[in-house]
file target23.txt (compact mmCIF, C-alpha atoms)
# COMPACT_ATOMS: atom_id res chain seq x y z
CA MET J 105 0.00 0.00 0.00
CA THR J 106 1.66 3.17 -1.13
CA THR J 107 0.90 6.45 0.54
CA LEU J 108 -0.46 9.14 -1.70
CA GLN J 109 1.34 12.45 -2.08
CA PRO J 110 -0.79 15.40 -0.87
CA ASP J 111 -1.56 16.61 -4.40
CA GLU J 112 -2.53 13.10 -5.47
CA GLU J 113 -4.81 12.87 -2.48
CA VAL J 114 -6.55 16.09 -3.54
CA MET J 115 -6.91 14.77 -7.10
CA GLU J 116 -8.49 11.56 -5.77
CA VAL J 117 -11.07 13.67 -3.95
CA LEU J 118 -11.77 15.71 -7.08
CA LYS J 119 -12.53 12.51 -8.97
CA GLU J 120 -15.54 12.17 -6.65
CA VAL J 121 -16.94 15.70 -7.05
CA ASP J 122 -19.75 15.52 -9.59
CA ASP J 123 -20.92 18.18 -11.95
CA PRO J 124 -24.26 19.22 -10.33
CA GLU J 125 -26.07 18.80 -13.64
CA LEU J 126 -24.42 15.49 -14.58
CA ILE J 127 -24.84 12.83 -11.92
CA ASP J 128 -21.78 10.52 -11.55
CA VAL J 129 -19.67 12.55 -13.95
CA SER J 130 -16.90 14.20 -11.98
CA VAL J 131 -15.39 17.60 -12.64
CA TYR J 132 -12.07 15.76 -12.93
CA ASP J 133 -13.35 13.45 -15.69
CA LEU J 134 -14.84 16.44 -17.53
CA GLY J 135 -11.37 17.97 -17.70
CA MET J 136 -12.24 20.95 -15.54
CA VAL J 137 -9.38 20.57 -13.04
CA HIS J 138 -6.31 22.44 -14.23
CA SER J 139 -3.93 22.29 -11.29
CA VAL J 140 -3.60 21.96 -7.53
CA ALA J 141 -1.19 24.06 -5.48
CA ILE J 142 -0.48 23.22 -1.86
CA ASN J 143 1.02 25.47 0.75
CA ASP J 144 1.21 23.60 4.10
CA SER J 145 -2.43 23.01 4.91
CA ASP J 146 -3.84 25.44 2.36
CA VAL J 147 -4.96 24.12 -1.00
CA HIS J 148 -5.60 26.17 -4.11
CA VAL J 149 -7.43 24.52 -6.99
CA THR J 150 -7.36 26.15 -10.42
CA MET J 151 -10.28 25.07 -12.58
CA ILE J 152 -11.24 25.57 -16.20
CA PRO J 153 -14.83 26.69 -16.75
CA THR J 154 -16.80 24.95 -19.48
CA PHE J 155 -19.27 27.60 -20.68
CA ALA J 156 -18.84 31.20 -19.49
CA GLY J 157 -22.48 31.62 -18.55
CA CYS J 158 -22.90 28.22 -16.90
CA PRO J 159 -24.87 28.78 -13.68
CA ALA J 160 -23.40 25.60 -12.18
CA LEU J 161 -19.94 27.17 -11.77
CA ASP J 162 -20.74 28.67 -8.36
CA ILE J 163 -22.09 25.33 -7.15
CA ILE J 164 -19.03 23.49 -8.46
CA GLU J 165 -16.79 25.96 -6.67
CA ARG J 166 -18.63 25.33 -3.39
CA ASP J 167 -18.65 21.53 -3.84
CA VAL J 168 -14.92 21.39 -4.63
CA LYS J 169 -14.08 23.57 -1.64
CA ASN J 170 -16.20 21.50 0.74
CA ALA J 171 -14.85 18.18 -0.54
CA VAL J 172 -11.19 19.21 -0.30
CA GLU J 173 -11.68 20.68 3.16
CA GLU J 174 -12.90 17.25 4.32
CA ILE J 175 -9.33 15.95 3.98
CA SER J 176 -7.89 15.73 7.48
CA TRP J 177 -4.72 17.79 6.92
CA VAL J 178 -6.41 20.55 4.90
CA SER J 179 -7.36 23.71 6.78
CA SER J 180 -8.64 25.74 3.85
CA CYS J 181 -9.27 25.39 0.14
CA THR J 182 -9.70 28.16 -2.40
CA VAL J 183 -11.05 27.58 -5.89
CA GLU J 184 -10.38 29.77 -8.89
CA PHE J 185 -11.90 29.56 -12.38
CA SER J 186 -9.32 30.69 -14.89
CA PHE J 187 -10.08 31.77 -18.42
CA LYS J 188 -6.38 31.62 -19.23
CA HIS J 189 -6.93 27.99 -20.13
CA LEU J 190 -9.59 27.11 -22.65
CA TRP J 191 -11.88 24.16 -22.09
CA THR J 192 -12.68 22.03 -25.09
CA THR J 193 -14.75 18.88 -25.25
CA GLU J 194 -11.52 17.02 -26.16
CA MET J 195 -10.58 17.33 -22.49
CA ILE J 196 -13.24 14.90 -21.30
CA ASN J 197 -11.46 11.63 -20.43
CA ASP J 198 -12.56 8.08 -21.27
CA ARG J 199 -14.20 7.55 -17.92
CA GLY J 200 -16.13 10.80 -18.37
CA ARG J 201 -17.27 9.67 -21.80
CA GLN J 202 -18.48 6.35 -20.37
CA GLN J 203 -20.34 8.02 -17.53
CA LEU J 204 -22.03 10.48 -19.88
CA LYS J 205 -23.40 7.59 -21.92
CA LYS J 206 -24.94 6.09 -18.79
CA LEU J 207 -26.91 9.32 -18.36
CA GLY J 208 -28.18 9.06 -21.92
CA ILE J 209 -25.80 11.76 -23.15
CA ALA J 210 -23.65 10.99 -26.17
CA PRO J 211 -20.04 12.04 -25.61
CA PRO J 212 -18.59 14.63 -27.99
CA PRO J 213 -16.93 13.46 -31.21
CA LYS J 214 -13.18 12.84 -30.98
CA ASN J 215 -10.77 14.77 -33.21
CA PHE J 216 -13.66 16.83 -34.57
CA LYS J 217 -12.87 19.78 -36.83
CA GLU J 218 -15.13 22.79 -37.11
CA GLY J 219 -17.38 22.62 -40.16
CA GLU J 220 -17.08 18.85 -40.48
CA GLU J 221 -20.10 16.61 -40.43
CA TRP J 222 -20.85 15.61 -36.88
CA THR J 223 -21.99 12.00 -36.51
CA VAL J 224 -23.50 11.12 -33.18
CA HIS J 225 -24.04 7.57 -32.01
CA CYS J 226 -27.06 6.89 -29.83
CA PRO J 227 -25.92 6.37 -26.22
CA TYR J 228 -28.51 3.58 -25.80
CA CYS J 229 -28.19 1.42 -28.92
CA ASP J 230 -25.03 2.85 -30.51
CA SER J 231 -26.76 3.38 -33.87
CA ASN J 232 -25.65 6.34 -35.96
CA TYR J 233 -29.14 6.61 -37.49
CA THR J 234 -29.80 9.74 -35.46
CA SER J 235 -30.99 13.27 -36.12
CA ILE J 236 -30.34 16.53 -34.37
CA GLU J 237 -33.48 18.19 -33.07
CA ASN J 238 -31.89 21.27 -31.52
CA VAL J 239 -28.23 22.31 -31.24
CA PHE J 240 -29.24 24.09 -28.05
CA GLY J 241 -30.34 21.90 -25.17
CA PRO J 242 -31.32 22.00 -21.50
CA THR J 243 -27.88 23.24 -20.49
CA ALA J 244 -25.31 25.30 -22.39
CA CYS J 245 -23.10 22.28 -23.07
CA ARG J 246 -25.77 19.92 -24.47
CA SER J 247 -27.79 19.44 -27.66
CA ILE J 248 -31.04 17.50 -28.18
CA LEU J 249 -31.12 14.55 -30.61
CA TYR J 250 -33.36 11.64 -31.61
CA CYS J 251 -32.45 8.05 -32.42
CA LYS J 252 -34.45 6.75 -35.38
CA GLU J 253 -33.24 3.19 -34.69
CA CYS J 254 -34.38 2.67 -31.10
CA ARG J 255 -36.74 5.66 -31.12
CA ASN J 256 -35.38 7.34 -28.05
CA PRO J 257 -34.74 11.01 -27.62
CA PHE J 258 -31.29 11.68 -26.17
CA GLU J 259 -28.78 14.44 -25.59
CA ALA J 260 -25.22 14.95 -26.78
CA MET J 261 -22.34 17.07 -25.55
CA LYS J 262 -21.98 19.90 -28.03
CA PRO J 263 -18.49 19.94 -29.57
CA VAL J 264 -16.61 22.99 -28.30
CA LEU J 265 -13.31 23.74 -29.97
CA GLN J 266 -10.88 26.49 -30.45
CA GLN J 267 -11.89 28.40 -33.56
CA GLU J 268 -9.97 28.44 -36.78
CA LEU J 269 -9.87 32.17 -37.38
CA ASN J 270 -10.38 33.88 -40.69
CA ALA J 271 -7.40 35.86 -41.89
CA LEU J 272 -6.96 38.81 -39.55
CA MET M 462 3.59 46.30 -33.14
CA THR M 463 2.34 47.52 -29.80
CA LYS M 464 3.63 46.13 -26.53
CA LEU M 465 1.70 43.27 -24.95
CA ILE M 466 0.23 44.22 -21.57
CA ARG M 467 -0.11 41.13 -19.43
CA THR M 468 -1.96 42.15 -16.29
CA ALA M 469 -4.40 44.70 -14.86
CA GLU M 470 -1.60 46.10 -12.67
CA GLU M 471 0.56 46.69 -15.72
CA ALA M 472 -2.33 48.33 -17.59
CA LYS M 473 -2.96 50.74 -14.73
CA GLN M 474 0.58 52.10 -14.89
CA ASP M 475 -0.29 54.03 -18.04
CA LYS M 476 -3.33 56.21 -17.33
CA ALA M 477 -4.26 56.84 -20.96
CA TYR M 478 -3.97 53.12 -21.78
CA ALA M 479 -6.11 52.13 -18.80
CA GLU M 480 -8.78 54.67 -19.77
CA ALA M 481 -8.98 53.48 -23.36
CA LEU M 482 -9.08 49.86 -22.25
CA THR M 483 -11.79 50.56 -19.67
CA GLU M 484 -13.89 52.35 -22.27
CA LEU M 485 -13.64 49.45 -24.71
CA LEU M 486 -14.51 46.89 -22.02
CA TYR M 487 -17.62 48.87 -21.05
CA GLN M 488 -18.75 48.87 -24.68
CA LEU M 489 -18.21 45.12 -25.02
CA GLY M 490 -19.85 44.27 -21.69
CA ASP M 491 -22.77 46.68 -22.04
CA ASP M 492 -23.62 45.54 -25.59
CA ASP M 493 -23.71 41.88 -24.55
CA PHE M 494 -25.61 42.74 -21.40
CA ILE M 495 -28.42 44.71 -23.04
CA ILE M 496 -28.93 42.35 -25.97
CA SER M 497 -29.15 39.49 -23.44
CA TYR M 498 -31.69 41.44 -21.45
CA ARG M 499 -33.84 41.98 -24.54
CA GLY M 500 -33.34 38.30 -25.35
CA SER M 501 -34.51 37.27 -21.89
CA GLU M 502 -37.78 39.12 -22.51
CA TRP M 503 -38.55 36.59 -25.25
CA LEU M 504 -38.53 33.69 -22.81
CA GLY M 505 -41.71 31.69 -23.33
CA LEU M 506 -42.73 33.84 -26.29
CA ALA M 507 -40.47 32.60 -29.11
CA PRO M 508 -42.22 31.20 -32.21
CA HIS M 509 -41.86 27.56 -31.13
CA ILE M 510 -40.56 25.46 -28.24
CA GLU M 511 -37.21 24.56 -29.85
CA GLU M 512 -36.58 28.22 -30.53
CA ASP M 513 -37.44 29.06 -26.95
CA VAL M 514 -34.76 26.61 -25.75
CA ALA M 515 -32.22 27.87 -28.29
CA TYR M 516 -32.77 31.58 -27.75
CA SER M 517 -32.68 31.30 -23.97
CA SER M 518 -29.49 29.23 -24.16
CA ILE M 519 -27.87 31.87 -26.39
CA THR M 520 -29.06 34.59 -24.04
CA GLN M 521 -27.63 32.80 -21.02
CA ASN M 522 -24.26 32.36 -22.73
CA THR M 523 -24.23 35.99 -23.84
CA MET M 524 -24.98 37.18 -20.32
CA GLY M 525 -21.97 35.06 -19.31
CA HIS M 526 -19.87 36.93 -21.87
CA ALA M 527 -20.97 40.28 -20.41
CA ALA M 528 -19.97 38.95 -16.97
CA MET M 529 -16.49 38.13 -18.29
CA TYR M 530 -15.98 41.71 -19.50
CA TYR M 531 -17.30 43.10 -16.20
CA GLN M 532 -14.85 40.81 -14.42
CA LEU M 533 -11.99 42.32 -16.44
CA LEU M 534 -13.26 45.76 -15.34
CA GLU M 535 -13.44 44.56 -11.75
CA ASP M 536 -9.79 43.49 -12.04
CA LEU M 537 -8.99 47.05 -13.16
CA GLY M 538 -10.63 48.46 -10.02
CA GLU M 539 -13.92 49.66 -11.57
CA GLY M 540 -16.14 47.99 -8.93
CA THR M 541 -17.70 44.55 -8.67
CA ALA M 542 -19.26 42.83 -11.66
CA ASP M 543 -22.67 43.02 -9.90
CA GLU M 544 -22.43 46.78 -9.41
CA LEU M 545 -21.26 47.30 -12.97
CA SER M 546 -24.05 45.27 -14.51
CA LYS M 547 -26.97 46.31 -12.31
CA GLY M 548 -25.95 49.45 -10.48
CA ARG M 549 -24.83 51.80 -13.25
CA LYS M 550 -27.36 54.41 -14.38
CA PRO M 551 -28.45 54.45 -18.04
CA ALA M 552 -26.37 57.57 -18.77
CA GLU M 553 -23.21 55.76 -17.63
CA ARG M 554 -23.77 52.90 -20.07
CA ARG M 555 -21.91 52.54 -23.34
CA SER M 556 -24.17 50.11 -25.20
CA SER M 557 -25.46 50.83 -28.70
CA VAL M 558 -28.88 52.54 -28.65
CA TYR M 559 -30.24 50.17 -31.28
CA LEU M 560 -29.56 47.19 -29.02
CA GLU M 561 -31.57 48.66 -26.15
CA LYS M 562 -34.68 49.27 -28.26
CA VAL M 563 -37.81 47.54 -26.94
CA ASN M 564 -38.81 44.25 -28.56
CA GLY M 565 -42.16 45.65 -29.68
CA THR M 566 -45.28 47.13 -28.16
CA GLY M 567 -46.81 46.03 -24.88
CA ASP M 568 -44.64 44.62 -22.13
CA TYR M 569 -43.52 41.20 -20.96
CA VAL M 570 -46.24 40.79 -18.36
CA GLU M 571 -49.14 42.38 -20.21
CA GLU M 572 -49.76 41.67 -23.88
CA PRO M 573 -46.25 41.49 -25.28
CA GLU M 574 -46.70 42.25 -28.97
CA TYR M 575 -43.08 41.60 -29.80
CA ASP M 576 -41.73 41.52 -33.32
CA TRP M 577 -39.79 38.42 -34.33
CA ALA M 578 -38.41 40.15 -37.45
CA LEU M 579 -36.71 42.70 -35.17
CA ALA M 580 -35.27 39.90 -33.02
CA VAL M 581 -33.87 38.06 -36.05
CA VAL M 582 -32.44 41.15 -37.77
CA ARG M 583 -30.99 42.65 -34.61
CA ASN M 584 -29.35 39.44 -33.45
CA PHE M 585 -27.95 38.62 -36.88
CA LEU M 586 -26.42 42.07 -37.34
CA TYR M 587 -25.06 42.10 -33.81
CA GLU M 588 -23.62 38.56 -33.77
CA THR M 589 -21.86 39.21 -37.08
CA LEU M 590 -20.33 42.37 -35.62
CA LYS M 591 -19.40 40.52 -32.45
CA ARG M 592 -17.61 37.86 -34.48
CA VAL M 593 -15.56 40.44 -36.40
CA LYS M 594 -14.65 42.21 -33.16
CA LEU M 595 -13.73 39.01 -31.33
CA GLU M 596 -11.43 37.93 -34.12
CA ALA M 597 -9.67 41.29 -33.83
CA LEU M 598 -9.54 41.08 -30.04
CA THR M 599 -7.57 37.82 -30.18
CA GLU M 600 -4.73 40.14 -31.31
CA SER M 601 -5.41 42.86 -28.71
CA SER M 602 -2.52 44.42 -26.81
CA TYR M 603 -4.21 43.46 -23.52
CA GLU M 604 -3.56 39.78 -22.91
CA PRO M 605 -6.52 39.09 -20.57
CA LEU M 606 -8.81 40.46 -23.30
CA ARG M 607 -7.20 38.14 -25.87
CA GLN M 608 -7.91 35.17 -23.64
CA THR M 609 -11.50 36.27 -23.11
CA ALA M 610 -12.00 36.69 -26.86
CA HIS M 611 -10.77 33.15 -27.54
CA LYS M 612 -13.15 31.77 -24.94
CA VAL M 613 -16.16 33.71 -26.20
CA LEU M 614 -15.47 32.73 -29.82
CA MET M 615 -15.76 29.05 -28.97
CA GLU M 616 -19.36 29.57 -27.88
CA GLN M 617 -20.35 32.38 -30.18
CA SER M 618 -19.97 30.43 -33.43
CA TYR M 619 -23.16 28.54 -32.49
CA HIS M 620 -25.00 31.81 -31.88
CA LEU M 621 -24.03 33.37 -35.18
CA ALA M 622 -24.91 30.18 -37.08
CA HIS M 623 -28.34 30.19 -35.43
CA TRP M 624 -29.31 33.72 -36.43
CA LYS M 625 -27.80 33.36 -39.88
CA LEU M 626 -30.07 30.36 -40.47
CA TRP M 627 -33.14 32.32 -39.34
CA ILE M 628 -32.49 35.27 -41.60
CA GLU M 629 -31.67 33.06 -44.60
CA GLN M 630 -34.88 31.10 -44.17
CA LEU M 631 -37.13 34.10 -43.62
CA GLN M 632 -35.82 36.04 -46.59
CA ASP M 633 -36.49 32.93 -48.69
CA SER M 634 -40.00 32.51 -47.30
CA THR M 635 -43.43 34.14 -47.86
CA GLU M 636 -43.93 37.69 -49.08
CA VAL M 637 -45.01 38.71 -45.59
CA ALA M 638 -41.79 37.35 -44.08
CA LYS M 639 -39.63 38.94 -46.77
CA THR M 640 -41.28 42.32 -46.29
CA LYS M 641 -41.01 42.20 -42.53
CA ILE M 642 -37.31 41.36 -42.66
CA LYS M 643 -36.61 44.00 -45.31
CA ASN M 644 -38.40 46.69 -43.29
CA ARG M 645 -36.46 45.84 -40.16
CA LEU M 646 -33.19 45.84 -42.14
CA ASP M 647 -33.95 49.27 -43.60
CA GLU M 648 -34.73 50.49 -40.11
CA ALA M 649 -31.46 49.02 -38.79
CA TRP M 650 -29.56 50.87 -41.50
CA LYS M 651 -30.84 54.10 -39.96
CA GLU M 652 -30.12 53.10 -36.35
CA PHE M 653 -27.30 50.57 -35.89
CA GLY M 654 -24.47 53.04 -36.60
CA ASP M 655 -23.15 53.64 -33.09
CA ALA M 656 -22.54 49.90 -32.59
CA LEU M 657 -19.89 50.09 -35.32
CA THR M 658 -17.88 52.77 -33.52
CA TYR M 659 -15.77 53.12 -30.36
CA GLY M 660 -17.06 56.51 -29.21
CA PRO M 661 -15.01 59.45 -27.92
CA LYS M 662 -11.93 57.35 -27.09
CA ALA M 663 -11.76 55.66 -30.50
CA GLU M 664 -8.38 57.12 -31.37
CA ASP M 665 -6.70 55.82 -28.21
CA ILE M 666 -8.36 52.41 -28.45
CA VAL M 667 -6.76 51.96 -31.87
CA LYS M 668 -3.47 53.69 -31.04
CA PHE M 669 -2.83 51.37 -28.09
CA GLY M 670 -3.49 48.30 -30.24
CA LEU M 671 -6.56 47.29 -28.23
CA SER M 672 -8.65 46.64 -31.33
CA ILE M 673 -8.76 47.26 -35.09
CA ASP M 674 -9.74 50.71 -36.39
CA GLU M 675 -13.36 51.64 -37.07
CA GLU M 676 -13.02 51.67 -40.86
CA THR M 677 -11.65 48.12 -40.94
CA LEU M 678 -14.31 46.97 -38.48
CA GLN M 679 -17.06 48.51 -40.60
CA GLU M 680 -15.70 47.17 -43.88
CA ARG M 681 -15.42 43.61 -42.58
CA TRP M 682 -18.86 43.74 -41.01
CA LEU M 683 -20.52 45.07 -44.16
CA GLU M 684 -18.86 42.43 -46.29
CA ARG M 685 -19.98 39.61 -43.98
CA VAL M 686 -23.59 40.73 -43.63
CA ASN M 687 -23.87 41.28 -47.39
CA GLU M 688 -22.77 37.68 -47.96
CA VAL M 689 -26.02 36.62 -46.29
CA LEU M 690 -28.56 39.37 -47.01
CA ALA M 691 -30.87 39.12 -50.02
CA THR M 692 -30.64 42.88 -50.56
CA LYS M 693 -27.08 44.19 -50.47
CA TYR M 694 -26.33 47.46 -48.73
CA ASP M 695 -23.54 49.64 -50.07
CA SER M 696 -23.01 51.85 -47.03
CA ILE M 697 -22.86 51.36 -43.28
CA PRO M 698 -25.82 52.19 -40.99
CA GLU M 699 -26.50 55.69 -39.65
CA LYS M 700 -26.79 56.71 -36.00
CA GLY M 701 -30.45 57.70 -36.18
CA LEU M 702 -31.16 57.00 -32.51
CA GLY M 703 -28.09 58.75 -31.11
CA ASP M 704 -24.72 57.60 -29.88
CA GLY M 705 -24.78 55.09 -27.03
CA ARG M 706 -20.97 55.08 -26.95
CA ALA M 707 -21.16 58.68 -25.70
CA GLY M 708 -23.77 57.81 -23.06
CA ASP M 709 -26.61 59.14 -25.19
CA HIS M 710 -29.60 56.83 -24.63
CA LYS M 711 -33.35 56.68 -25.13
CA GLU M 712 -36.17 56.00 -22.68
CA ASP M 713 -36.12 52.34 -23.78
CA LEU M 714 -32.95 51.88 -21.71
CA GLU M 715 -34.66 53.55 -18.73
CA GLN M 716 -37.47 51.02 -19.08
CA ALA M 717 -35.00 48.11 -19.16
CA PHE M 718 -32.98 49.54 -16.27
CA SER M 719 -36.04 49.96 -14.04
CA ILE M 720 -36.74 46.23 -14.42
CA PHE M 721 -33.30 44.59 -14.41
CA SER M 722 -32.02 46.70 -11.52
CA GLU M 723 -35.17 46.50 -9.39
CA VAL M 724 -34.16 43.61 -7.15
CA TYR M 725 -30.50 44.65 -6.93
CA MET M 726 -31.39 48.25 -6.02
CA SER M 727 -33.80 47.13 -3.29
CA ASP M 728 -30.73 46.10 -1.28
CA PRO M 729 -27.36 46.60 -3.02
CA GLN M 730 -25.50 45.20 0.01
CA ALA M 731 -27.32 41.86 0.01
CA ALA M 732 -25.15 38.76 -0.27
CA TRP M 733 -26.33 36.27 -2.91

call {"tool": "encode", "arguments": {"input": "target23.txt", "output": "C-alpha cells"}}
result
Amino acid sequence: MTTLQPDEEVMEVLKEVDDPELIDVSVYDLGMVHSVAINDSDVHVTMIPTFAGCPALDIIERDVKNAVEEISWVSSCTVEFSFKHLWTTEMINDRGRQQLKKLGIAPPPKNFKEGEEWTVHCPYCDSNYTSIENVFGPTACRSILYCKECRNPFEAMKPVLQQELNAL
Amino acid sequence: MTKLIRTAEEAKQDKAYAEALTELLYQLGDDDFIISYRGSEWLGLAPHIEEDVAYSSITQNTMGHAAMYYQLLEDLGEGTADELSKGRKPAERRSSVYLEKVNGTGDYVEEPEYDWALAVVRNFLYETLKRVKLEALTESSYEPLRQTAHKVLMEQSYHLAHWKLWIEQLQDSTEVAKTKIKNRLDEAWKEFGDALTYGPKAEDIVKFGLSIDEETLQERWLERVNEVLATKYDSIPEKGLGDGRAGDHKEDLEQAFSIFSEVYMSDPQAAW
C-alpha cells in the first residue's frame, strides 16, 4: 500500500466531485481541473470553466471547496476559475465519456474539426441513425437529438473547440 | 507592433492606456448585457418550443460573456461585476442605442406584442459584428482580453450560425416574411451606426493596439452581412437614434434599467 502524495490525495477527492447537472460525472473526468497548489495546509485549486455563462460554476466551486476541506490535513481550500486555459470537449477523459453515456448523453466526437459533419451515435443502442433536433439543449453544453433506430430522444455534448480564425 | 500588456496592474501604470481599455470593455460588456436582457424578454414567447430553448441558451451564454468583461473591469478596479451590470445608471452605459430598443409594443407581463423580425435582424447584425470584433480582439494588446476573446469565440460560433439560419430562411420565405425582414433591415440601417464605432476614445483604443480601427471593423462587417442578405447594402448604418458610446440613450434603456435593476437596487448590500 503506497501512501499518496498530498496533491494526489486532492486529485483523488476531485474525482468524486460531480458536476451538479451530470450525476456521476466528476469535474475531474470532464477535464475541468487544471492544477492543484499546496502550501502547508492550504490548497488552491485552479479550474477551467466549461461555458462562461454556466450557472453551475458557483455550485461546483462550493462543492470542490467543501470536498477538499474534508481531507484531514487541509485547513482551507480556495477555488479559482481561470479563463487563461480554454476548455474544449476534447478534455473529457474516457471515464467521463463512459459516464455520460450512462446518463443518456452521447459524448462529444473525438478529433472533430469545425465545419465537419458531426456523426453522433445513440448512447442507448449505438446506432448512428440519429438526427439533431436542436443544437441548443437543456444546459449550455448539451444538444437535443433523436435516435431513429431505437426511437429514443437523447442528448449529446456539443463539440466545443478552439476556432480556426479567418485571416486577420 | 504595440507592446503586450499582461496584467491589470501593468495596464494601470499608463493612465491613458487604462482609460482606453476601460472604455472598450464597457462597450463590449454593455452591448452583450443589453442584448441578453432583450433576449430574456422573449422567454416563453419565441415562435416555437425549440426556438425558446435555443434563444434562452444563447441569451444565457451571452450574459456570461458580459460577466467576463465586467470581471476584467473589476480586475482594473472599476467595482464589482454586480455593481457594474446592475448598479450603473443608463447615462453611464456605453451600449449601442439600437440594441436597447424595446422588442415591440406592450410589455412582458401584459400583452407582449413583440416583433420576431426585429429579433432576427438585430441578433444577426449584432452577432456578425461581435464575431468580427472578437477575431480582432484575439490580437489585442491586452492579454486578458485576448484570452476572453478566444473563450467567447468558442461559444459564439453557435449563436451566429443560429441567427444566420433564421435570416436566410425568412428572406427565402413568404412575401409577408420577406417584407417584414426587409423593413427591419432598412430600419437598422438608420439606427445601428453607433454599434460600429468606439465613441469618444476611439483614437486611443486603436493607437494602443486594443482593437482594429473603425473603418476596418465597418468594412469587414458590411462584407460579412452582405454575404447573407438578399438585398445588399452599399453603405454602413447611420446613427439615427443617437450615440450610445457617448452615453446618449433613449427611454427604452430607462425602461429596461427599471426592471433589471429592481431587485438589486432594493438592497445593493445583500449577499447572494

call {"tool": "closest_residue", "arguments": {"input": "target23.txt", "among": "J:Lys169, J:Glu184, J:Ala210, J:Lys217", "to": "Ile248 (chain J)", "atoms": "only C-alpha atoms"}}
result
J:Ala210

call {"tool": "residues_near_point", "arguments": {"input": "target23.txt", "point": "(-33.8, 50.7, -41.8)", "cutoff": "12 Å", "atoms": "all atoms listed in the file", "output": "ChimeraX atom specification"}}
result
/M:559,579,582-583,641-654,694,697-702

call {"tool": "atom_distance", "arguments": {"input": "target23.txt", "atom1": "CA of Glu596 (chain M)", "atom2": "CA of Met615 (chain M)"}}
result
11.1 Å

call {"tool": "interface_residues", "arguments": {"input": "target23.txt", "of": "chain M", "to": "chain J", "cutoff": "7 Å", "atoms": "only C-alpha atoms", "output": "list in words"}}
result
Glu511, Val514, Ala515, Ser518, Gln521, Asn522, Met524, Gly525, His526, Glu596, Ala597, Gln608, Thr609, Lys612, Leu614 and Met615 of chain M

call {"tool": "atom_distance", "arguments": {"input": "target23.txt", "atom1": "CA of Leu598 (chain M)", "atom2": "CA of Ala622 (chain M)"}}
result
20.1 Å

call {"tool": "closest_residue", "arguments": {"input": "target23.txt", "among": "J:Cys251, J:Leu204, J:Met136, J:Leu118", "to": "Glu173 (chain J)", "atoms": "all atoms listed in the file"}}
result
J:Leu118

call {"tool": "atom_distance", "arguments": {"input": "target23.txt", "atom1": "CA of Glu253 (chain J)", "atom2": "CA of Ile127 (chain J)"}}
result
26.1 Å

call {"tool": "residues_around", "arguments": {"input": "target23.txt", "residues": "region 532-536 of chain M", "least_positions_apart": "3", "cutoff": "8 Å", "atoms": "all atoms listed in the file", "output": "VMD selection string"}}
result
chain M and resid 469 483 486 to 487 528 to 529 539 to 542 605 to 606

call {"tool": "residues_around", "arguments": {"input": "target23.txt", "residues": "Tyr478 (chain M)", "least_positions_apart": "2", "cutoff": "10 Å", "atoms": "only C-alpha atoms", "output": "number ranges by chain"}}
result
M: 466, 471-476, 480-484, 603, 665-666, 668-671

call {"tool": "residues_around", "arguments": {"input": "target23.txt", "residues": "Pro211 (chain J)", "least_positions_apart": "5", "cutoff": "8 Å", "atoms": "all atoms listed in the file", "output": "PyMOL selection string"}}
result
chain J and resi 201-202+204-205+260-261

call {"tool": "axis_aligned_box", "arguments": {"input": "target23.txt", "around": "region 193-203 of chain J", "padding_each_side": "5 Å", "output": "AutoDock Vina command-line options"}}
result
--center_x -15.5 --center_y 12.6 --center_z -21.8 --size_x 19.8 --size_y 22.5 --size_z 18.6

call {"tool": "residues_around", "arguments": {"input": "target23.txt", "residues": "Leu621 (chain M)", "least_positions_apart": "3", "cutoff": "8 Å", "atoms": "only C-alpha atoms", "output": "PyMOL selection string"}}
result
chain M and resi 585+588-589+592+617-618+624-625

call {"tool": "closest_residue", "arguments": {"input": "target23.txt", "among": "J:Cys254, J:Leu207, J:Met115, J:Leu126", "to": "Ala141 (chain J)", "atoms": "all atoms listed in the file"}}
result
J:Met115

call {"tool": "closest_residue", "arguments": {"input": "target23.txt", "among": "J:His138, J:Arg246, J:Lys206, J:Arg199", "to": "Phe185 (chain J)", "atoms": "only C-alpha atoms"}}
result
J:His138
